[in-house]
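Novice: Input start-v8.cif, format and content: mmCIF, C-alpha atoms.
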data_protein
#
loop_
_atom_site.label_atom_id
_atom_site.label_comp_id
_atom_site.auth_asym_id
_atom_site.auth_seq_id
_atom_site.Cartn_x
_atom_site.Cartn_y
_atom_site.Cartn_z
CA MET M 7 134.46 83.30 123.83
CA THR M 8 131.93 84.85 126.21
CA GLU M 9 129.10 87.10 125.09
CA GLU M 10 130.74 90.01 126.94
CA ARG M 11 133.95 89.48 125.00
CA ARG M 12 132.04 89.27 121.71
CA ARG M 13 130.34 92.55 122.41
CA GLN M 14 133.62 94.21 123.36
CA ASP M 15 135.02 93.08 120.00
CA ARG M 16 131.99 94.49 118.19
CA ILE M 17 132.35 97.88 119.93
CA ALA M 18 136.05 98.04 119.07
CA ARG M 19 135.29 97.05 115.49
CA LEU M 20 132.66 99.79 115.13
CA ILE M 21 134.98 102.39 116.64
CA GLY M 22 137.70 101.42 114.18
CA LEU M 23 135.19 101.43 111.35
CA ALA M 24 134.00 104.93 112.28
CA ARG M 25 137.57 106.28 112.28
CA SER M 26 138.32 104.71 108.90
CA TYR M 27 135.04 105.90 107.43
CA ARG M 28 135.57 109.49 108.57
CA GLY M 29 139.33 109.56 108.01
CA TRP M 30 139.70 111.06 111.49
CA SER M 31 142.75 111.36 113.64
CA ALA M 32 142.74 109.69 117.05
CA GLY M 33 142.07 113.07 118.68
CA ARG M 34 139.13 113.87 116.41
CA LEU M 35 137.69 110.40 117.06
CA ASP M 36 138.00 110.94 120.83
CA GLU M 37 136.14 114.24 120.48
CA ALA M 38 133.35 112.61 118.48
CA LEU M 39 132.95 109.76 121.00
CA GLY M 40 133.18 112.05 124.03
CA ARG M 41 135.89 109.86 125.56
CA GLU M 42 139.27 108.36 124.75
CA SER M 43 138.64 105.81 122.04
CA ARG M 44 141.27 103.43 123.41
CA ARG M 45 139.35 103.32 126.68
CA ALA M 46 135.86 103.45 125.21
CA VAL M 47 135.23 99.70 125.29
CA PRO M 48 133.61 98.87 128.67
CA HIS M 49 134.73 95.80 130.61
CA SER M 50 131.11 94.63 130.85
CA GLY M 51 130.62 94.78 127.09
CA ASN M 52 127.54 96.97 127.69
CA PRO M 53 128.17 100.49 126.34
CA LYS M 54 126.39 103.55 127.69
CA LEU M 55 123.61 104.90 125.51
CA ASP M 56 125.53 108.08 124.72
CA LEU M 57 128.38 106.01 123.20
CA VAL M 58 125.90 104.11 121.03
CA ALA M 59 124.37 107.42 119.89
CA ARG M 60 127.78 108.94 119.15
CA LEU M 61 128.86 105.85 117.21
CA ALA M 62 125.66 106.05 115.17
CA ALA M 63 126.37 109.70 114.35
CA ALA M 64 129.98 108.94 113.41
CA LEU M 65 129.00 106.07 111.14
CA GLU M 66 125.91 107.88 109.82
CA TRP M 67 123.84 104.86 110.77
CA ASP M 68 120.48 104.82 112.48
CA LEU M 69 120.74 104.39 116.24
CA GLY M 70 118.81 101.13 116.02
CA GLU M 71 121.24 99.70 113.48
CA VAL M 72 124.19 100.23 115.83
CA ALA M 73 122.25 98.83 118.79
CA GLU M 74 121.27 95.76 116.77
CA ASP M 75 124.86 95.15 115.73
CA LEU M 76 126.03 95.38 119.35
CA TRP M 77 123.32 93.42 121.13
CA ASP M 78 121.55 91.21 118.62
CA GLY M 79 123.73 91.60 115.57
CA GLY M 80 127.29 90.73 114.84
CA GLU M 81 125.98 87.68 113.09
CA ALA M 82 129.07 87.31 110.95
CA VAL M 83 131.06 86.92 114.17
CA ALA M 84 128.43 84.67 115.68
CA ALA M 85 128.45 82.48 112.58
CA ARG M 86 132.12 81.71 113.09
CA ASP M 87 131.67 81.29 116.82
CA ALA M 88 128.73 78.91 116.36
CA ILE M 89 131.18 76.32 115.10
CA ALA M 90 134.27 77.15 117.17
CA ASP M 91 132.82 78.16 120.52
CA VAL M 92 132.65 75.21 122.89
CA ASP M 93 131.68 77.44 125.85
CA ARG M 94 128.15 77.90 124.56
CA GLY M 95 127.56 74.20 124.23
CA ASP M 96 127.20 73.64 120.52
CA GLY M 97 124.91 70.63 120.90
CA GLY M 98 126.72 68.59 118.27
CA ARG M 99 126.91 71.32 115.64
CA ARG M 100 130.68 71.56 115.74
CA GLY M 101 132.27 69.62 112.92
CA ALA M 102 128.94 68.81 111.23
CA THR M 103 128.70 69.16 107.48
CA PHE M 104 126.50 71.77 105.86
CA ALA M 105 124.04 69.07 104.75
CA GLU M 106 123.84 67.63 108.28
CA LEU M 107 123.24 71.08 109.73
CA ASP M 108 120.52 71.76 107.16
CA LEU M 109 118.69 68.57 108.10
CA ARG M 110 118.98 69.54 111.75
CA ALA M 111 117.58 73.02 111.06
CA GLN M 112 114.59 71.50 109.27
CA ALA M 113 113.93 69.16 112.22
CA GLU M 114 114.16 72.07 114.66
CA HIS M 115 111.72 74.04 112.49
CA ARG M 116 109.18 71.20 112.60
CA ALA M 117 109.62 70.93 116.38
CA GLY M 118 109.13 74.68 116.84
CA ASP M 119 112.64 75.08 118.34
CA SER M 120 113.36 78.58 117.03
CA ASP M 121 116.36 79.19 119.28
CA GLY M 122 117.98 75.91 118.29
CA MET M 123 117.23 76.61 114.64
CA ARG M 124 118.87 80.02 114.90
CA ARG M 125 122.09 78.52 116.30
CA THR M 126 122.07 75.85 113.62
CA ALA M 127 121.44 78.39 110.85
CA LEU M 128 124.35 80.49 112.08
CA ALA M 129 126.55 77.40 112.03
CA MET M 130 125.31 76.73 108.49
CA ARG M 131 126.33 80.24 107.49
CA GLY M 132 129.83 79.60 108.81
CA ALA M 133 130.03 76.24 107.03
CA ALA M 134 128.63 77.46 103.70
CA ARG M 135 131.00 77.30 100.75
CA SER M 136 128.94 78.77 97.92
CA GLY M 137 126.31 81.39 97.21
CA HIS M 138 123.69 78.64 97.01
CA GLU M 139 124.58 77.33 100.47
CA ARG M 140 124.74 80.82 101.96
CA ALA M 141 121.25 81.48 100.55
CA ILE M 142 119.95 78.28 102.16
CA ALA M 143 121.51 79.31 105.48
CA ALA M 144 119.90 82.75 105.18
CA ASN M 145 116.52 81.13 104.55
CA ARG M 146 116.89 78.88 107.60
CA LEU M 147 117.88 81.88 109.72
CA ALA M 148 114.83 83.73 108.39
CA GLY M 149 112.69 80.78 109.47
CA ALA M 150 114.17 80.93 112.97
CA TYR M 151 113.44 84.65 113.28
CA ASP M 152 109.94 84.09 111.89
CA GLY M 153 109.33 81.68 114.77
CA ARG M 154 110.39 84.40 117.21
CA GLY M 155 108.21 87.05 115.55
CA ARG M 156 111.24 89.11 114.47
CA TYR M 157 109.96 90.00 111.02
CA GLY M 158 112.36 92.88 110.47
CA ARG M 159 115.15 90.34 110.87
CA VAL M 160 113.36 87.97 108.52
CA LEU M 161 113.36 90.65 105.84
CA ALA M 162 117.10 91.24 106.32
CA CYS M 163 117.92 87.53 106.10
CA VAL M 164 115.78 86.96 103.03
CA ARG M 165 117.27 89.95 101.23
CA GLU M 166 120.73 88.66 102.10
CA GLY M 167 119.88 85.30 100.56
CA LEU M 168 118.42 86.88 97.44
CA ALA M 169 121.59 88.93 96.96
CA GLU M 170 123.72 85.79 96.63
CA HIS M 171 124.80 84.49 93.21
CA GLY M 172 124.33 80.97 91.89
CA VAL M 173 121.22 80.30 94.00
CA GLY M 174 119.05 77.40 92.84
CA SER M 175 115.60 78.23 91.51
CA ASP M 176 113.68 76.46 94.28
CA VAL M 177 115.70 78.15 97.04
CA ARG M 178 115.18 81.53 95.40
CA LEU M 179 111.46 80.74 95.14
CA MET M 180 111.19 80.04 98.88
CA LEU M 181 113.19 83.17 99.72
CA ARG M 182 110.72 85.25 97.70
CA VAL M 183 107.76 83.52 99.35
CA ASN M 184 109.25 84.31 102.75
CA LEU M 185 109.81 87.89 101.61
CA ALA M 186 106.09 88.17 100.84
CA ASN M 187 105.18 86.63 104.19
CA ALA M 188 107.41 88.95 106.23
CA ASN M 189 105.97 91.99 104.48
CA HIS M 190 102.46 90.68 105.16
CA ALA M 191 103.25 90.25 108.86
CA LEU M 192 104.55 93.82 108.99
CA TRP M 193 101.41 95.07 107.18
CA ASN M 194 103.36 96.12 104.10
CA LEU M 195 100.36 94.89 102.14
CA ASP M 196 101.16 96.46 98.78
CA ALA M 197 104.58 94.79 98.83
CA SER M 198 103.32 91.40 100.01
CA ARG M 199 100.52 91.27 97.44
CA ALA M 200 102.80 92.44 94.62
CA ILE M 201 105.38 89.74 95.41
CA ALA M 202 102.70 87.05 95.65
CA SER M 203 101.16 88.17 92.35
CA SER M 204 104.56 88.12 90.65
CA LEU M 205 105.23 84.59 91.88
CA LEU M 206 101.81 83.34 90.81
CA GLU M 207 102.62 84.38 87.24
CA GLU M 208 105.73 82.21 87.12
CA ARG M 209 105.61 78.86 85.38
CA ALA M 210 107.11 76.95 88.31
CA VAL M 211 104.16 78.06 90.44
CA ARG M 212 101.47 77.82 87.75
CA GLU M 213 102.64 74.34 86.70
CA PRO M 214 104.39 72.95 89.80
CA ALA M 215 106.67 69.98 89.30
CA ASN M 216 107.43 69.23 92.95
CA ARG M 217 106.08 69.64 96.47
CA LEU M 218 107.96 72.85 97.21
CA GLN M 219 106.50 74.56 94.15
CA ARG M 220 103.01 73.36 95.05
CA VAL M 221 103.42 74.74 98.57
CA ALA M 222 104.67 78.06 97.18
CA GLY M 223 101.59 78.41 94.98
CA ALA M 224 99.20 77.65 97.82
CA PHE M 225 100.96 80.09 100.13
CA CYS M 226 100.98 82.88 97.55
CA HIS M 227 97.20 82.59 97.18
CA LEU M 228 96.89 82.64 100.99
CA ILE M 229 99.14 85.69 101.38
CA ARG M 230 97.46 87.65 98.59
CA GLY M 231 93.98 86.67 99.75
CA HIS M 232 94.58 87.69 103.34
CA GLY M 233 96.35 90.82 102.09
CA HIS M 234 93.19 91.81 100.21
CA ARG M 235 91.14 91.03 103.31
CA ARG M 236 93.35 93.15 105.54
CA ALA M 237 93.35 96.00 103.01
CA LEU M 238 89.57 96.30 103.37
CA GLN M 239 90.06 98.48 106.43
CA ASP M 240 91.98 100.99 104.31
CA LEU M 241 88.77 101.77 102.44
CA ALA M 242 87.12 103.31 105.49
CA ARG M 243 86.45 107.06 105.29
CA PRO M 244 86.99 109.50 108.18
CA ASP M 245 83.26 109.36 108.98
CA GLY M 246 83.49 105.58 109.51
CA ALA M 247 81.67 104.71 106.31
CA CYS M 248 83.35 103.13 103.30
CA ASP M 249 83.01 102.80 99.57
CA ARG M 250 80.72 99.78 99.45
CA GLN M 251 81.37 98.96 95.80
CA ALA M 252 85.16 99.14 96.18
CA ALA M 253 84.97 97.08 99.39
CA SER M 254 82.77 94.45 97.74
CA GLU M 255 85.13 94.13 94.77
CA LEU M 256 88.21 93.82 97.00
CA ALA M 257 86.43 91.31 99.23
CA GLN M 258 85.60 89.20 96.17
CA ARG M 259 89.26 89.19 95.17
CA ALA M 260 90.11 88.00 98.68
CA ILE M 261 87.51 85.24 98.42
CA ASP M 262 88.81 84.07 95.04
CA ASP M 263 92.39 83.77 96.32
CA LEU M 264 91.44 82.15 99.60
CA VAL M 265 89.22 79.60 97.87
CA ARG M 266 92.20 78.62 95.71
CA ALA M 267 94.36 78.42 98.82
CA VAL M 268 91.86 76.06 100.47
CA GLU M 269 91.77 73.83 97.40
CA ARG M 270 95.55 73.65 97.13
CA TYR M 271 96.16 73.06 100.81
CA GLU M 272 93.53 70.35 100.96
CA GLU M 273 95.27 68.62 98.04
CA LEU M 274 98.61 68.91 99.83
CA ALA M 275 97.15 67.60 103.09
CA GLN M 276 95.67 64.61 101.30
CA ALA M 277 98.91 63.92 99.42
CA PHE M 278 101.32 64.29 102.34
CA GLY M 279 99.23 63.90 105.51
CA ASP M 280 100.72 67.04 107.04
CA GLY M 281 98.68 68.83 109.73
CA GLN M 282 100.29 72.14 108.77
CA TYR M 283 98.44 72.11 105.45
CA GLU M 284 95.16 71.33 107.21
CA GLY M 285 95.68 74.32 109.49
CA LEU M 286 96.46 76.69 106.62
CA ALA M 287 93.40 75.51 104.71
CA ASP M 288 91.29 76.15 107.81
CA MET M 289 92.80 79.60 108.28
CA SER M 290 91.85 80.39 104.69
CA ARG M 291 88.26 79.26 105.31
CA GLY M 292 88.01 81.68 108.23
CA GLY M 293 89.23 84.53 106.05
CA ILE M 294 86.59 83.66 103.46
CA VAL M 295 83.86 84.03 106.09
CA GLU M 296 85.00 87.55 106.95
CA ALA M 297 85.34 88.56 103.29
CA ARG M 298 81.91 87.17 102.41
CA VAL M 299 80.32 89.49 104.97
CA VAL M 300 81.94 92.51 103.31
CA ALA M 301 80.95 91.22 99.87
CA GLY M 302 77.33 91.01 101.01
CA GLU M 303 77.15 87.24 100.56
CA LEU M 304 76.77 86.42 104.27
CA SER M 305 75.02 88.19 107.12
CA GLU M 306 77.01 89.26 110.16
CA GLU M 307 74.83 87.07 112.38
CA ASP M 308 75.43 83.95 110.29
CA ALA M 309 79.14 84.70 110.04
CA ILE M 310 79.47 85.08 113.81
CA ALA M 311 77.57 81.82 114.24
CA GLU M 312 80.12 80.08 111.99
CA VAL M 313 82.98 81.54 113.99
CA ILE M 314 81.50 80.50 117.33
CA ALA M 315 80.86 76.99 115.98
CA ARG M 316 84.51 76.77 114.91
CA LEU M 317 85.70 77.90 118.35
CA GLU M 318 83.38 75.43 120.03
CA ARG M 319 84.98 72.61 118.02
CA SER M 320 88.35 73.73 119.30
CA VAL M 321 87.10 73.76 122.89
CA ALA M 322 85.57 70.31 122.42
CA ALA M 323 88.93 68.98 121.22
CA GLU M 324 90.61 70.48 124.30
CA GLU M 325 88.06 68.93 126.64
CA ALA M 326 88.44 65.55 124.94
CA GLY M 327 92.20 65.72 125.46
CA LEU M 328 92.91 65.74 121.73
CA ARG M 329 96.22 67.31 120.76
CA GLU M 330 95.64 69.27 117.57
CA ALA M 331 98.49 70.07 115.20
CA PRO M 332 99.95 73.51 116.03
CA ALA M 333 98.80 74.89 112.65
CA VAL M 334 95.24 73.71 113.33
CA ARG M 335 95.37 75.30 116.76
CA GLU M 336 96.71 78.50 115.23
CA ALA M 337 93.87 78.50 112.70
CA ALA M 338 91.36 78.54 115.58
CA GLY M 339 93.08 81.67 116.92
CA TRP M 340 92.78 83.36 113.54
CA TRP M 341 89.11 82.37 113.30
CA ALA M 342 88.61 84.13 116.64
CA LEU M 343 90.26 87.28 115.29
CA PHE M 344 88.18 87.14 112.11
CA GLY M 345 85.10 86.96 114.33
CA ALA M 346 86.24 90.02 116.25
CA ASN M 347 86.78 91.87 112.96
CA ILE M 348 83.24 91.03 111.84
CA ALA M 349 81.76 92.14 115.15
CA LEU M 350 83.73 95.39 115.11
CA ALA M 351 82.56 96.12 111.58
CA SER M 352 78.95 95.76 112.73
CA ARG M 353 79.32 98.05 115.75
CA GLY M 354 77.87 101.07 113.96
CA ALA M 355 74.75 99.29 112.75
CA PRO M 356 72.93 97.65 115.68
CA ALA M 357 69.64 98.12 113.87
CA ARG M 358 70.61 95.31 111.52
CA GLY M 359 70.03 92.80 114.28
CA ARG M 360 73.00 92.99 116.62
CA GLU M 361 72.63 94.97 119.83
CA ARG M 362 75.63 96.88 121.13
CA GLY M 363 76.00 94.56 124.13
CA ASP M 364 76.02 91.51 121.85
CA VAL M 365 78.79 93.04 119.78
CA ALA M 366 80.91 93.75 122.87
CA ARG M 367 80.40 90.21 124.19
CA THR M 368 81.31 88.69 120.82
CA ILE M 369 84.49 90.74 120.62
CA ALA M 370 85.42 89.80 124.19
CA ILE M 371 84.86 86.09 123.53
CA CYS M 372 86.89 86.18 120.36
CA THR M 373 89.81 88.25 121.65
CA ASN M 374 90.01 86.18 124.84
CA LYS M 375 90.25 82.98 122.81
CA ALA M 376 92.82 84.47 120.44
CA SER M 377 94.87 85.70 123.39
CA GLU M 378 94.78 82.25 124.99
CA ILE M 379 96.02 80.58 121.80
CA ALA M 380 98.64 83.30 121.21
CA GLU M 381 100.13 82.62 124.64
CA GLU M 382 99.99 78.87 124.13
CA LEU M 383 101.80 79.09 120.77
CA ASP M 384 103.97 82.14 121.62
CA HIS M 385 102.45 83.72 118.52
CA TRP M 386 103.42 87.40 118.15
CA PRO M 387 101.21 88.45 115.21
CA MET M 388 98.20 87.07 117.06
CA ARG M 389 99.18 88.96 120.21
CA GLU M 390 99.43 92.21 118.25
CA ARG M 391 96.01 91.73 116.63
CA THR M 392 94.43 90.91 119.99
CA PHE M 393 95.79 94.07 121.61
CA THR M 394 94.79 96.18 118.61
CA LEU M 395 91.23 94.88 118.39
CA GLU M 396 90.67 95.22 122.12
CA TRP M 397 91.97 98.81 121.97
CA ILE M 398 89.64 99.64 119.10
CA ARG M 399 86.70 98.23 121.05
CA ARG M 400 87.54 100.22 124.18
CA GLU M 401 88.20 103.39 122.16
CA GLU M 402 84.82 103.09 120.43
CA GLU M 403 83.04 102.62 123.74
CA ALA M 404 84.84 105.62 125.23
CA ARG M 405 83.95 107.75 122.21
CA ARG M 406 80.26 106.90 122.63
CA GLU M 407 80.44 107.76 126.32
CA ARG M 408 82.57 110.84 125.63
CA ALA M 409 85.19 109.60 128.03
CA ARG M 410 88.73 108.23 127.96
CA PRO M 411 89.38 104.49 127.45
CA THR M 412 89.72 103.15 131.00
CA GLY M 413 89.41 99.92 132.91
CA TRP M 414 92.36 98.20 131.27
CA THR M 415 94.73 96.48 133.69
CA LEU M 416 98.02 94.99 132.49
CA ASP M 417 99.71 92.29 134.56
CA GLU M 418 103.30 91.13 134.00
CA GLU M 419 102.34 88.72 131.21
CA ASP M 420 100.20 91.33 129.46
CA LEU M 421 102.99 93.88 129.68
CA ARG M 422 105.55 91.48 128.21
CA GLY M 423 103.18 90.74 125.35
CA LEU M 424 102.46 94.42 124.75
CA VAL M 425 106.07 95.59 124.85
CA GLY M 426 107.18 92.62 122.74
CA SER M 427 104.57 93.48 120.13
CA MET M 428 105.66 97.11 120.11
CA GLY M 429 109.22 96.03 119.38
CA ARG M 430 108.31 93.57 116.66
CA PHE M 431 105.68 95.61 114.81
CA PRO M 432 106.59 99.28 114.27
CA PHE M 433 103.09 100.06 112.94
CA PHE M 434 101.65 98.91 116.30
CA ARG M 435 103.91 101.12 118.44
CA PRO M 436 101.60 104.21 118.53
CA THR M 437 98.70 102.00 119.67
CA GLY M 438 100.93 100.35 122.25
CA TRP M 439 101.89 103.71 123.72
CA ARG M 440 98.23 104.74 123.89
CA ILE M 441 97.41 101.52 125.74
CA LEU M 442 100.25 102.15 128.21
CA ASP M 443 99.06 105.74 128.73
CA GLU M 444 95.54 104.61 129.61
CA ALA M 445 96.11 101.29 131.36
CA GLU M 446 96.93 100.49 134.95
CA VAL M 447 100.16 98.49 135.08
CA LEU M 448 100.33 96.14 138.04
CA ALA M 449 103.58 95.99 139.99
CA PRO M 450 105.41 92.62 139.91
CA ALA M 451 104.24 90.23 142.59
#
Can you present the structure in this file as structure tokens?

Specialist:
Amino acid sequence: MTEERRRQDRIARLIGLARSYRGWSAGRLDEALGRESRRAVPHSGNPKLDLVARLAAALEWDLGEVAEDLWDGGEAVAARDAIADVDRGDGGRRGATFAELDLRAQAEHRAGDSDGMRRTALAMRGAARSGHERAIAANRLAGAYDGRGRYGRVLACVREGLAEHGVGSDVRLMLRVNLANANHALWNLDASRAIASSLLEERAVREPANRLQRVAGAFCHLIRGHGHRRALQDLARPDGACDRQAASELAQRAIDDLVRAVERYEELAQAFGDGQYEGLADMSRGGIVEARVVAGELSEEDAIAEVIARLERSVAAEEAGLREAPAVREAAGWWALFGANIALASRGAPARGRERGDVARTIAICTNKASEIAEELDHWPMRERTFTLEWIRREEEARRERARPTGWTLDEEDLRGLVGSMGRFPFFRPTGWRILDEAEVLAPA
């Protein structure tokens, strides 16, 4: 079955669903759709926007929910097709057992093959025969969407898995960990920290009996610690100042969690020799540096020096031709962003030793490095942070000069990164539109 045919089936299904939901006659349905319903399904499978809007109104769904079902959704259909559809080239998934597909999904996850993992997870969903297996498939699909930066989809998959009955305790644990992570990525910090705190109180996490439970505990400390660190910006007042005591207390909570995360990840790295754990421990160390500045334990100058030293080690590895584990490489990108955060926080106090030009150069160095690594790893959260921090820097400069933020040129790659970030992170969309309003967009070559 072709993708066009699938979409035609989805449109017809939604039209039928709308009629059943409303209890309408054929004539009333035609009136609501603005066309004859029996001729409403386009041959191309691509409906006009007005039909999508009318379907949304008839179903009382959000417009985005209908669009997702038509273009990216229909996953129940795709799950069946993933096994039966030879036209797409199933790559050996057809006829595989659930256990074989699960092993394949795990291998694709380690290899960073998000698209392959998505197809395998959909095949798993079609092959699942119990609530436990459906929950595992949902978790694998969440992992695939995580790799593509589609955190709204991650949330939907995880919630689907958690709604199943008869799910094993370890699978449910990982679903909840992934729920915390997706909320963190979307900056739902209260939710992410609450979930992490709840998990850290559970016996399986406090007294882990296996590797998965140990990993869950380490990750919960990381998520909560970085959540506290991110929440520090919420303490700023309209005049740019902040409650120093409240900030210091929150920063200390971030430090405490991130120190525990470092300890646990170092133990995991030593026990299993996995570069992913080394990278996550390093990412936690970088967060500690930023939090220590806010807590008053480290000067901005010394913190920036630590960040630059970390970035120089990454550059030295590149020049030596050493291939770092992706998680270690990612950690360097986060260190760069932590450095930009520190520099931005110091922008209003040059008298403490950092001249305005030094701050701007530090931010530029850090955001450039983060952007480079984000492109290399196709890392959407890092792209979003890079755009946001660069916008804040330009906005601050324009405010001082009493002008508009100018001098920003977006090429094709920049534009793809910006628009992709706007789609993946709703909280970033207002900033993205401001960037587009002020920037010069280069025409395609």

Novice: Expand the PyMOL selection byres ((chain M and resi 77) around 12) into the explicit residue set it covers here, and present it as a PDB file with C-alpha atoms, in the coordinates of the input.

Specialist:
ATOM      1  CA  GLU M   9     129.100  87.100 125.090  1.00  0.00           C
ATOM      2  CA  GLU M  10     130.740  90.010 126.940  1.00  0.00           C
ATOM      3  CA  ARG M  11     133.950  89.480 125.000  1.00  0.00           C
ATOM      4  CA  ARG M  12     132.040  89.270 121.710  1.00  0.00           C
ATOM      5  CA  ARG M  13     130.340  92.550 122.410  1.00  0.00           C
ATOM      6  CA  GLN M  14     133.620  94.210 123.360  1.00  0.00           C
ATOM      7  CA  ASP M  15     135.020  93.080 120.000  1.00  0.00           C
ATOM      8  CA  ARG M  16     131.990  94.490 118.190  1.00  0.00           C
ATOM      9  CA  ILE M  17     132.350  97.880 119.930  1.00  0.00           C
ATOM     10  CA  GLY M  51     130.620  94.780 127.090  1.00  0.00           C
ATOM     11  CA  ASN M  52     127.540  96.970 127.690  1.00  0.00           C
ATOM     12  CA  PRO M  53     128.170 100.490 126.340  1.00  0.00           C
ATOM     13  CA  VAL M  58     125.900 104.110 121.030  1.00  0.00           C
ATOM     14  CA  GLY M  70     118.810 101.130 116.020  1.00  0.00           C
ATOM     15  CA  GLU M  71     121.240  99.700 113.480  1.00  0.00           C
ATOM     16  CA  VAL M  72     124.190 100.230 115.830  1.00  0.00           C
ATOM     17  CA  ALA M  73     122.250  98.830 118.790  1.00  0.00           C
ATOM     18  CA  GLU M  74     121.270  95.760 116.770  1.00  0.00           C
ATOM     19  CA  ASP M  75     124.860  95.150 115.730  1.00  0.00           C
ATOM     20  CA  LEU M  76     126.030  95.380 119.350  1.00  0.00           C
ATOM     21  CA  ASP M  78     121.550  91.210 118.620  1.00  0.00           C
ATOM     22  CA  GLY M  79     123.730  91.600 115.570  1.00  0.00           C
ATOM     23  CA  GLY M  80     127.290  90.730 114.840  1.00  0.00           C
ATOM     24  CA  GLU M  81     125.980  87.680 113.090  1.00  0.00           C
ATOM     25  CA  ALA M  84     128.430  84.670 115.680  1.00  0.00           C
TER      26      ALA M  84
END

Novice: For Val313 of chain M, work out the shell of residues within 7 Å, counting only C-alpha atoms and skipping chain neighbours fewer than 2 positions away, then give it as number ranges by chain.

Specialist: M: 309-311, 315-317, 341-342, 345

Novice: Decode the PyMOL selection byres ((chain M and resi 149) around 10) for the given file into explicit residues and return them as a list in words.

Specialist: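 Answer for the PyMOL selection byres ((chain M and resi 149) around 10): Ala111, Gln112, His115, Ser120, Met123, Arg124, Ala127, Ala143, Ala144, Asn145, Arg146, Leu147, Ala148, Ala150, Tyr151, Asp152, Gly153, Arg154, Gly155, Arg156, Tyr157, Arg159, Val160, Cys163, Val164 and Asn184 of chain M.
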
Novice: Name the residues within 12 Å of (97.0, 69.7, 101.4), counting all atoms listed in the file in the file's coordinates, and put them as a list in words.

Specialist: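 Within 12 Å of (97.0, 69.7, 101.4), the protein and nucleic acid residues are Arg217, Arg220, Val221, Gly223, Ala224, Phe225, Arg266, Ala267, Val268, Glu269, Arg270, Tyr271, Glu272, Glu273, Leu274, Ala275, Gln276, Ala277, Phe278, Gly279, Asp280, Gly281, Gln282, Tyr283, Glu284, Gly285, Leu286, Ala287 and Asp288 of chain M.
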
Novice: Selected residues, C-alpha atoms, written as a JSON list (two decimals), in the frame of the given file, please.

Specialist:
[["chain", "number", "residue", "atom", "x", "y", "z"],
["M", 217, "ARG", "CA", 106.08, 69.64, 96.47],
["M", 220, "ARG", "CA", 103.01, 73.36, 95.05],
["M", 221, "VAL", "CA", 103.42, 74.74, 98.57],
["M", 223, "GLY", "CA", 101.59, 78.41, 94.98],
["M", 224, "ALA", "CA", 99.20, 77.65, 97.82],
["M", 225, "PHE", "CA", 100.96, 80.09, 100.13],
["M", 266, "ARG", "CA", 92.20, 78.62, 95.71],
["M", 267, "ALA", "CA", 94.36, 78.42, 98.82],
["M", 268, "VAL", "CA", 91.86, 76.06, 100.47],
["M", 269, "GLU", "CA", 91.77, 73.83, 97.40],
["M", 270, "ARG", "CA", 95.55, 73.65, 97.13],
["M", 271, "TYR", "CA", 96.16, 73.06, 100.81],
["M", 272, "GLU", "CA", 93.53, 70.35, 100.96],
["M", 273, "GLU", "CA", 95.27, 68.62, 98.04],
["M", 274, "LEU", "CA", 98.61, 68.91, 99.83],
["M", 275, "ALA", "CA", 97.15, 67.60, 103.09],
["M", 276, "GLN", "CA", 95.67, 64.61, 101.30],
["M", 277, "ALA", "CA", 98.91, 63.92, 99.42],
["M", 278, "PHE", "CA", 101.32, 64.29, 102.34],
["M", 279, "GLY", "CA", 99.23, 63.90, 105.51],
["M", 280, "ASP", "CA", 100.72, 67.04, 107.04],
["M", 281, "GLY", "CA", 98.68, 68.83, 109.73],
["M", 282, "GLN", "CA", 100.29, 72.14, 108.77],
["M", 283, "TYR", "CA", 98.44, 72.11, 105.45],
["M", 284, "GLU", "CA", 95.16, 71.33, 107.21],
["M", 285, "GLY", "CA", 95.68, 74.32, 109.49],
["M", 286, "LEU", "CA", 96.46, 76.69, 106.62],
["M", 287, "ALA", "CA", 93.40, 75.51, 104.71],
["M", 288, "ASP", "CA", 91.29, 76.15, 107.81]]

Novice: For Thr437 of chain M, list every protein, DNA or RNA residue within 10 Å, evaluated using all atoms listed in the file, and leave out those in the same chain fewer than 4 positions away; present the list as a PDB file with C-alpha atoms, in the frame of the given file.

Specialist:
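The result, stored in around_5.pdb:
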ATOM      1  CA  GLU M 390      99.430  92.210 118.250  1.00  0.00           C
ATOM      2  CA  PHE M 393      95.790  94.070 121.610  1.00  0.00           C
ATOM      3  CA  THR M 394      94.790  96.180 118.610  1.00  0.00           C
ATOM      4  CA  TRP M 397      91.970  98.810 121.970  1.00  0.00           C
ATOM      5  CA  ILE M 398      89.640  99.640 119.100  1.00  0.00           C
ATOM      6  CA  LEU M 424     102.460  94.420 124.750  1.00  0.00           C
ATOM      7  CA  MET M 428     105.660  97.110 120.110  1.00  0.00           C
ATOM      8  CA  PRO M 432     106.590  99.280 114.270  1.00  0.00           C
ATOM      9  CA  PHE M 433     103.090 100.060 112.940  1.00  0.00           C
ATOM     10  CA  ILE M 441      97.410 101.520 125.740  1.00  0.00           C
ATOM     11  CA  LEU M 442     100.250 102.150 128.210  1.00  0.00           C
ATOM     12  CA  ASP M 443      99.060 105.740 128.730  1.00  0.00           C
TER      13      ASP M 443
END

Novice: I'd like the contact shell of Arg209 of chain M - 12 Å cut-off, only C-alpha atoms, skipping same-chain residues fewer than 6 positions apart - returned as number ranges by chain.

Specialist: M: 175, 179, 215, 219-220, 222-223

Novice: Which residues are close to Glu401 of chain M, i.e. within 12 Å by only C-alpha atoms, leaving aside same-chain residues fewer than 3 positions away? Reply as a list in words.

Specialist: Leu350, Thr394, Leu395, Glu396, Trp397, Ile398, Ala404, Arg405, Arg406, Glu407, Arg408, Ala409, Arg410, Pro411, Thr412, Gly413, Trp414, Thr437, Arg440, Ile441 and Glu444 of chain M
